[in-house]
Amino acid sequence: MAQKTDEAEIVDTGSLTRRWIMYVVGIYVLTFGVSLAIRAGIGVSPLSSLTRTMTLVYPPLSQGTYNFITELVMLTLTYLVLPSDFKLKSFASLLPAFALAVFLDFNLSMTEFVKLDIYYAKVALLVFADAALAYGLFLMIRANLVLMPMDMFVNTLCKRTGWKWGNIKTGYDCALLVVSAGIGLAFLADIPFIREGTVLNAVLVGQYIRLYFFLYKKMQARKAAPSSNRLEPAAK
């Protein structure tokens, strides 16, 4: 409940054009963070671990393509979990999913030159990557437009079961890790992308988003303060 309250406080309710620009920029920044996290090479998020593993199993398809396929699967599961709640407008979630896939492949190609050998440099890069990833999510939350199919699936499970959103999200991420590890072991005899960075990612992204929420509300409070000071003499 507290998270929903925080989101309501930072949501942009202004121009729809501005919100769409913010949303698209958020997707781009998020994928930039994901690509840097991959280049760090010490483990990635549950979703990235699955889609990245698939690029090793069947290289002709890009990670962005696998990401979009996963989103399609999630949209299908959303319908199966609660068909009565599935509307035609739910397909609109594929638009940002497609943009994310395109941006992800673009950023992966742009960061291909990043190759680090020093472990501490890899950790530093992952910390920066998670900051970028979280800021992208923050912008998308602020824009308050279309949910990605994966988020829609988690929300639908929450509505269908009555379980807490955080518990379902944690279970969902763990399921992705299990699938990723299973595919890796079955086809590669290895689990290539689940490492200490995966745990670091899980911890840092949430903390970064909380920090951005705090800083944004702090900044808004400072903006409001001069207005209050100007009105005070008039009130007297």
# chains A, B, ... in the order shown; residues from 1 in each chain; ligands from 1

call {"tool": "closest_atom_pairs", "arguments": {"of": "stretch 128-207 of chain A", "to": "stretch 24-31 of chain A", "cutoff": "10 Å", "atoms": "only C-alpha atoms", "output": "tab-separated table"}}
result
residue	atom	partner	partner_atom	distance
A:Ala129	CA	A:Leu30	CA	8.9
A:Asp130	CA	A:Leu30	CA	8.8
A:Ala131	CA	A:Leu30	CA	9.2
A:Ala132	CA	A:Val29	CA	6.1
A:Leu133	CA	A:Leu30	CA	4.1
A:Ala134	CA	A:Leu30	CA	6.9
A:Tyr135	CA	A:Leu30	CA	7.1
A:Gly136	CA	A:Gly26	CA	4.0
A:Leu137	CA	A:Gly26	CA	6.2
A:Phe138	CA	A:Gly26	CA	7.4
A:Leu139	CA	A:Gly26	CA	5.0
A:Met140	CA	A:Gly26	CA	5.3
A:Ile141	CA	A:Gly26	CA	8.8
A:Arg142	CA	A:Gly26	CA	9.4
A:Ala143	CA	A:Gly26	CA	8.8

call {"tool": "write_last_selection", "arguments": {"atoms": "all heavy atoms", "output": "mmCIF file, in the first residue's frame"}}
result
data_model
loop_
_atom_site.group_PDB
_atom_site.id
_atom_site.type_symbol
_atom_site.label_atom_id
_atom_site.label_comp_id
_atom_site.auth_asym_id
_atom_site.auth_seq_id
_atom_site.Cartn_x
_atom_site.Cartn_y
_atom_site.Cartn_z
ATOM 1 N N ALA A 129 25.135 0.588 -13.872
ATOM 2 C CA ALA A 129 24.107 0.044 -14.771
ATOM 3 C C ALA A 129 22.768 -0.073 -14.051
ATOM 4 O O ALA A 129 21.716 0.272 -14.613
ATOM 5 C CB ALA A 129 24.546 -1.325 -15.296
ATOM 6 N N ASP A 130 22.794 -0.537 -12.808
ATOM 7 C CA ASP A 130 21.552 -0.667 -12.044
ATOM 8 C C ASP A 130 20.940 0.694 -11.739
ATOM 9 O O ASP A 130 19.713 0.838 -11.679
ATOM 10 C CB ASP A 130 21.813 -1.430 -10.750
ATOM 11 C CG ASP A 130 22.003 -2.919 -10.979
ATOM 12 O OD1 ASP A 130 21.624 -3.399 -12.065
ATOM 13 O OD2 ASP A 130 22.541 -3.607 -10.086
ATOM 14 N N ALA A 131 21.807 1.711 -11.558
ATOM 15 C CA ALA A 131 21.302 3.069 -11.338
ATOM 16 C C ALA A 131 20.559 3.564 -12.578
ATOM 17 O O ALA A 131 19.487 4.179 -12.478
ATOM 18 C CB ALA A 131 22.458 4.012 -11.001
ATOM 19 N N ALA A 132 21.128 3.294 -13.757
ATOM 20 C CA ALA A 132 20.477 3.691 -15.016
ATOM 21 C C ALA A 132 19.184 2.913 -15.224
ATOM 22 O O ALA A 132 18.146 3.485 -15.588
ATOM 23 C CB ALA A 132 21.433 3.458 -16.190
ATOM 24 N N LEU A 133 19.247 1.615 -14.983
ATOM 25 C CA LEU A 133 18.067 0.759 -15.142
ATOM 26 C C LEU A 133 16.932 1.254 -14.244
ATOM 27 O O LEU A 133 15.780 1.394 -14.686
ATOM 28 C CB LEU A 133 18.457 -0.677 -14.789
ATOM 29 C CG LEU A 133 17.511 -1.837 -15.134
ATOM 30 C CD1 LEU A 133 18.291 -3.152 -15.094
ATOM 31 C CD2 LEU A 133 16.339 -1.914 -14.175
ATOM 32 N N ALA A 134 17.260 1.527 -12.984
ATOM 33 C CA ALA A 134 16.249 1.979 -12.032
ATOM 34 C C ALA A 134 15.690 3.351 -12.420
ATOM 35 O O ALA A 134 14.493 3.606 -12.247
ATOM 36 C CB ALA A 134 16.847 2.038 -10.626
ATOM 37 N N TYR A 135 16.542 4.222 -12.964
ATOM 38 C CA TYR A 135 16.047 5.541 -13.370
ATOM 39 C C TYR A 135 15.074 5.417 -14.552
ATOM 40 O O TYR A 135 14.078 6.138 -14.624
ATOM 41 C CB TYR A 135 17.206 6.458 -13.750
ATOM 42 C CG TYR A 135 16.766 7.883 -13.974
ATOM 43 C CD1 TYR A 135 16.265 8.644 -12.925
ATOM 44 C CD2 TYR A 135 16.830 8.462 -15.239
ATOM 45 C CE1 TYR A 135 15.841 9.950 -13.123
ATOM 46 C CE2 TYR A 135 16.398 9.767 -15.452
ATOM 47 C CZ TYR A 135 15.909 10.507 -14.388
ATOM 48 O OH TYR A 135 15.478 11.798 -14.596
ATOM 49 N N GLY A 136 15.373 4.485 -15.452
ATOM 50 C CA GLY A 136 14.445 4.218 -16.545
ATOM 51 C C GLY A 136 13.099 3.760 -16.018
ATOM 52 O O GLY A 136 12.042 4.228 -16.469
ATOM 53 N N LEU A 137 13.111 2.867 -15.039
ATOM 54 C CA LEU A 137 11.862 2.407 -14.423
ATOM 55 C C LEU A 137 11.138 3.560 -13.735
ATOM 56 O O LEU A 137 9.908 3.674 -13.804
ATOM 57 C CB LEU A 137 12.162 1.304 -13.406
ATOM 58 C CG LEU A 137 12.495 -0.074 -13.969
ATOM 59 C CD1 LEU A 137 12.948 -1.007 -12.846
ATOM 60 C CD2 LEU A 137 11.307 -0.672 -14.700
ATOM 61 N N PHE A 138 11.903 4.414 -13.079
ATOM 62 C CA PHE A 138 11.325 5.573 -12.396
ATOM 63 C C PHE A 138 10.582 6.478 -13.382
ATOM 64 O O PHE A 138 9.464 6.926 -13.116
ATOM 65 C CB PHE A 138 12.436 6.351 -11.684
ATOM 66 C CG PHE A 138 11.998 7.674 -11.118
ATOM 67 C CD1 PHE A 138 11.249 7.722 -9.953
ATOM 68 C CD2 PHE A 138 12.336 8.859 -11.749
ATOM 69 C CE1 PHE A 138 10.840 8.943 -9.426
ATOM 70 C CE2 PHE A 138 11.938 10.081 -11.231
ATOM 71 C CZ PHE A 138 11.182 10.125 -10.060
ATOM 72 N N LEU A 139 11.199 6.737 -14.526
ATOM 73 C CA LEU A 139 10.553 7.574 -15.544
ATOM 74 C C LEU A 139 9.275 6.916 -16.066
ATOM 75 O O LEU A 139 8.267 7.591 -16.299
ATOM 76 C CB LEU A 139 11.522 7.826 -16.701
ATOM 77 C CG LEU A 139 12.720 8.732 -16.402
ATOM 78 C CD1 LEU A 139 13.609 8.838 -17.644
ATOM 79 C CD2 LEU A 139 12.278 10.116 -15.951
ATOM 80 N N MET A 140 9.324 5.602 -16.247
ATOM 81 C CA MET A 140 8.139 4.885 -16.731
ATOM 82 C C MET A 140 7.013 4.923 -15.710
ATOM 83 O O MET A 140 5.833 5.054 -16.062
ATOM 84 C CB MET A 140 8.516 3.442 -17.072
ATOM 85 C CG MET A 140 9.456 3.333 -18.267
ATOM 86 S SD MET A 140 10.139 1.671 -18.483
ATOM 87 C CE MET A 140 8.664 0.778 -19.015
ATOM 88 N N ILE A 141 7.373 4.814 -14.425
ATOM 89 C CA ILE A 141 6.368 4.913 -13.369
ATOM 90 C C ILE A 141 5.758 6.303 -13.348
ATOM 91 O O ILE A 141 4.544 6.474 -13.228
ATOM 92 C CB ILE A 141 6.995 4.578 -11.999
ATOM 93 C CG1 ILE A 141 7.401 3.104 -11.933
ATOM 94 C CG2 ILE A 141 6.018 4.903 -10.857
ATOM 95 C CD1 ILE A 141 8.238 2.742 -10.719
ATOM 96 N N ARG A 142 6.603 7.324 -13.500
ATOM 97 C CA ARG A 142 6.121 8.709 -13.512
ATOM 98 C C ARG A 142 5.157 8.946 -14.671
ATOM 99 O O ARG A 142 4.143 9.635 -14.520
ATOM 100 C CB ARG A 142 7.298 9.684 -13.643
ATOM 101 C CG ARG A 142 8.008 9.989 -12.346
ATOM 102 C CD ARG A 142 8.506 11.425 -12.349
ATOM 103 N NE ARG A 142 7.379 12.349 -12.321
ATOM 104 C CZ ARG A 142 7.382 13.557 -12.881
ATOM 105 N NH1 ARG A 142 8.456 13.989 -13.525
ATOM 106 N NH2 ARG A 142 6.332 14.341 -12.819
ATOM 107 N N ALA A 143 5.483 8.391 -15.840
ATOM 108 C CA ALA A 143 4.638 8.593 -17.018
ATOM 109 C C ALA A 143 3.264 7.957 -16.838
ATOM 110 O O ALA A 143 2.257 8.459 -17.350
ATOM 111 C CB ALA A 143 5.328 8.021 -18.252
#

call {"tool": "residues_around", "arguments": {"residues": "A:Val203", "least_positions_apart": "5", "cutoff": "12 Å", "atoms": "only C-alpha atoms", "output": "list in words"}}
result
Val44, Ser45, Leu126, Val127, Asp130, Ala131, Ala134, Thr170, Glu196, Gly197, Thr198, Tyr208, Ile209 and Arg210 of chain A

call {"tool": "write_last_selection", "arguments": {"atoms": "N, CA and C atoms", "output": "PDB file, in the first residue's frame"}}
result
ATOM      1  N   VAL A  44      23.258 -10.990 -14.150  1.00  0.00           N
ATOM      2  CA  VAL A  44      22.241 -10.021 -14.562  1.00  0.00           C
ATOM      3  C   VAL A  44      20.907 -10.354 -13.899  1.00  0.00           C
ATOM      4  N   SER A  45      19.892  -9.563 -14.212  1.00  0.00           N
ATOM      5  CA  SER A  45      18.559  -9.744 -13.635  1.00  0.00           C
ATOM      6  C   SER A  45      17.949 -11.065 -14.100  1.00  0.00           C
ATOM      7  N   LEU A 126      28.416  -2.506 -12.897  1.00  0.00           N
ATOM      8  CA  LEU A 126      27.095  -3.045 -12.575  1.00  0.00           C
ATOM      9  C   LEU A 126      26.317  -2.095 -11.669  1.00  0.00           C
ATOM     10  N   VAL A 127      27.003  -1.485 -10.710  1.00  0.00           N
ATOM     11  CA  VAL A 127      26.350  -0.523  -9.814  1.00  0.00           C
ATOM     12  C   VAL A 127      25.813   0.667 -10.617  1.00  0.00           C
ATOM     13  N   ASP A 130      22.794  -0.537 -12.808  1.00  0.00           N
ATOM     14  CA  ASP A 130      21.552  -0.667 -12.044  1.00  0.00           C
ATOM     15  C   ASP A 130      20.940   0.694 -11.739  1.00  0.00           C
ATOM     16  N   ALA A 131      21.807   1.711 -11.558  1.00  0.00           N
ATOM     17  CA  ALA A 131      21.302   3.069 -11.338  1.00  0.00           C
ATOM     18  C   ALA A 131      20.559   3.564 -12.578  1.00  0.00           C
ATOM     19  N   ALA A 134      17.260   1.527 -12.984  1.00  0.00           N
ATOM     20  CA  ALA A 134      16.249   1.979 -12.032  1.00  0.00           C
ATOM     21  C   ALA A 134      15.690   3.351 -12.420  1.00  0.00           C
ATOM     22  N   THR A 170       8.415 -11.560  -6.378  1.00  0.00           N
ATOM     23  CA  THR A 170       9.576 -12.340  -5.964  1.00  0.00           C
ATOM     24  C   THR A 170       9.492 -13.768  -6.503  1.00  0.00           C
ATOM     25  N   GLU A 196      26.808 -13.462  -8.657  1.00  0.00           N
ATOM     26  CA  GLU A 196      26.651 -12.515  -7.559  1.00  0.00           C
ATOM     27  C   GLU A 196      26.002 -11.210  -8.015  1.00  0.00           C
ATOM     28  N   GLY A 197      26.210 -10.868  -9.285  1.00  0.00           N
ATOM     29  CA  GLY A 197      25.605  -9.658  -9.817  1.00  0.00           C
ATOM     30  C   GLY A 197      24.092  -9.740  -9.874  1.00  0.00           C
ATOM     31  N   THR A 198      23.564 -10.960  -9.966  1.00  0.00           N
ATOM     32  CA  THR A 198      22.108 -11.153  -9.978  1.00  0.00           C
ATOM     33  C   THR A 198      21.518 -10.737  -8.640  1.00  0.00           C
ATOM     34  N   TYR A 208      17.604   2.000  -5.489  1.00  0.00           N
ATOM     35  CA  TYR A 208      17.754   3.170  -6.363  1.00  0.00           C
ATOM     36  C   TYR A 208      16.402   3.831  -6.627  1.00  0.00           C
ATOM     37  N   ILE A 209      15.384   3.025  -6.894  1.00  0.00           N
ATOM     38  CA  ILE A 209      14.057   3.589  -7.167  1.00  0.00           C
ATOM     39  C   ILE A 209      13.547   4.347  -5.940  1.00  0.00           C
ATOM     40  N   ARG A 210      13.756   3.764  -4.760  1.00  0.00           N
ATOM     41  CA  ARG A 210      13.373   4.465  -3.530  1.00  0.00           C
ATOM     42  C   ARG A 210      14.120   5.792  -3.406  1.00  0.00           C
TER      43      ARG A 210
END

call {"tool": "closest_residue", "arguments": {"among": "A:Ala121, A:Cys174, A:Leu94, A:Ala181", "to": "A:Val199", "atoms": "only C-alpha atoms"}}
result
A:Cys174

call {"tool": "residues_around", "arguments": {"residues": "A:Leu157", "least_positions_apart": "3", "cutoff": "8 Å", "atoms": "only C-alpha atoms", "output": "VMD selection string"}}
result
chain A and resid 78 81 153 to 154 160 to 163 168

call {"tool": "write_last_selection", "arguments": {"atoms": "N, CA, C and O atoms", "output": "PDB file, in the first residue's frame"}}
result
ATOM      1  N   THR A  78      -1.421 -13.966 -19.099  1.00  0.00           N
ATOM      2  CA  THR A  78      -2.323 -12.996 -18.463  1.00  0.00           C
ATOM      3  C   THR A  78      -3.769 -13.297 -18.837  1.00  0.00           C
ATOM      4  O   THR A  78      -4.669 -13.265 -17.983  1.00  0.00           O
ATOM      5  N   VAL A  81      -4.919 -16.609 -17.095  1.00  0.00           N
ATOM      6  CA  VAL A  81      -5.136 -16.482 -15.650  1.00  0.00           C
ATOM      7  C   VAL A  81      -6.483 -15.842 -15.344  1.00  0.00           C
ATOM      8  O   VAL A  81      -7.205 -16.274 -14.433  1.00  0.00           O
ATOM      9  N   PHE A 153       1.001  -9.305 -16.125  1.00  0.00           N
ATOM     10  CA  PHE A 153       0.832 -10.685 -15.667  1.00  0.00           C
ATOM     11  C   PHE A 153       0.917 -10.763 -14.146  1.00  0.00           C
ATOM     12  O   PHE A 153       0.081 -11.414 -13.494  1.00  0.00           O
ATOM     13  N   VAL A 154       1.908 -10.077 -13.555  1.00  0.00           N
ATOM     14  CA  VAL A 154       2.058 -10.068 -12.101  1.00  0.00           C
ATOM     15  C   VAL A 154       0.836  -9.418 -11.453  1.00  0.00           C
ATOM     16  O   VAL A 154       0.299  -9.920 -10.454  1.00  0.00           O
ATOM     17  N   ARG A 160      -6.078 -12.134  -9.134  1.00  0.00           N
ATOM     18  CA  ARG A 160      -6.714 -13.457  -9.179  1.00  0.00           C
ATOM     19  C   ARG A 160      -6.563 -14.202  -7.857  1.00  0.00           C
ATOM     20  O   ARG A 160      -7.498 -14.880  -7.401  1.00  0.00           O
ATOM     21  N   THR A 161      -5.388 -14.096  -7.234  1.00  0.00           N
ATOM     22  CA  THR A 161      -5.099 -14.879  -6.039  1.00  0.00           C
ATOM     23  C   THR A 161      -5.321 -14.123  -4.732  1.00  0.00           C
ATOM     24  O   THR A 161      -5.561 -14.730  -3.692  1.00  0.00           O
ATOM     25  N   GLY A 162      -5.198 -12.782  -4.796  1.00  0.00           N
ATOM     26  CA  GLY A 162      -5.301 -11.995  -3.578  1.00  0.00           C
ATOM     27  C   GLY A 162      -4.012 -11.945  -2.786  1.00  0.00           C
ATOM     28  O   GLY A 162      -3.955 -11.373  -1.700  1.00  0.00           O
ATOM     29  N   TRP A 163      -2.953 -12.551  -3.335  1.00  0.00           N
ATOM     30  CA  TRP A 163      -1.651 -12.522  -2.654  1.00  0.00           C
ATOM     31  C   TRP A 163      -1.023 -11.138  -2.805  1.00  0.00           C
ATOM     32  O   TRP A 163      -1.387 -10.361  -3.683  1.00  0.00           O
ATOM     33  N   ILE A 168       4.355 -12.086  -5.072  1.00  0.00           N
ATOM     34  CA  ILE A 168       4.181 -12.645  -6.419  1.00  0.00           C
ATOM     35  C   ILE A 168       5.355 -12.253  -7.309  1.00  0.00           C
ATOM     36  O   ILE A 168       5.878 -13.081  -8.073  1.00  0.00           O
TER      37      ILE A 168
END

call {"tool": "residues_around", "arguments": {"residues": "stretch 71-76 of chain A", "least_positions_apart": "3", "cutoff": "8 Å", "atoms": "only C-alpha atoms", "output": "PyMOL selection string"}}
result
chain A and resi 67-68+79-80+91+94+97+148-150+152-153

call {"tool": "atom_distance", "arguments": {"atom1": "atom CA of A:Gly41", "atom2": "atom CA of A:Leu177"}}
result
16.5 Å

call {"tool": "atom_distance", "arguments": {"atom1": "atom CA of A:Lys164", "atom2": "atom CA of A:Asp151"}}
result
13.9 Å

call {"tool": "select_by_dssp", "arguments": {"residues": "stretch 3-158 of chain A", "states": "helix (DSSP H, G or I)", "output": "ChimeraX atom specification"}}
result
/A:3-10,16-40,46-57,63-81,83-85,88-110,119-143,149-158

call {"tool": "residues_around", "arguments": {"residues": "A:Ile42", "least_positions_apart": "6", "cutoff": "12 Å", "atoms": "only C-alpha atoms", "output": "PyMOL selection string"}}
result
chain A and resi 36+49+116-127+191-201

call {"tool": "atom_distance", "arguments": {"atom1": "atom CA of A:Gly206", "atom2": "atom CA of A:Ser48"}}
result
16.5 Å
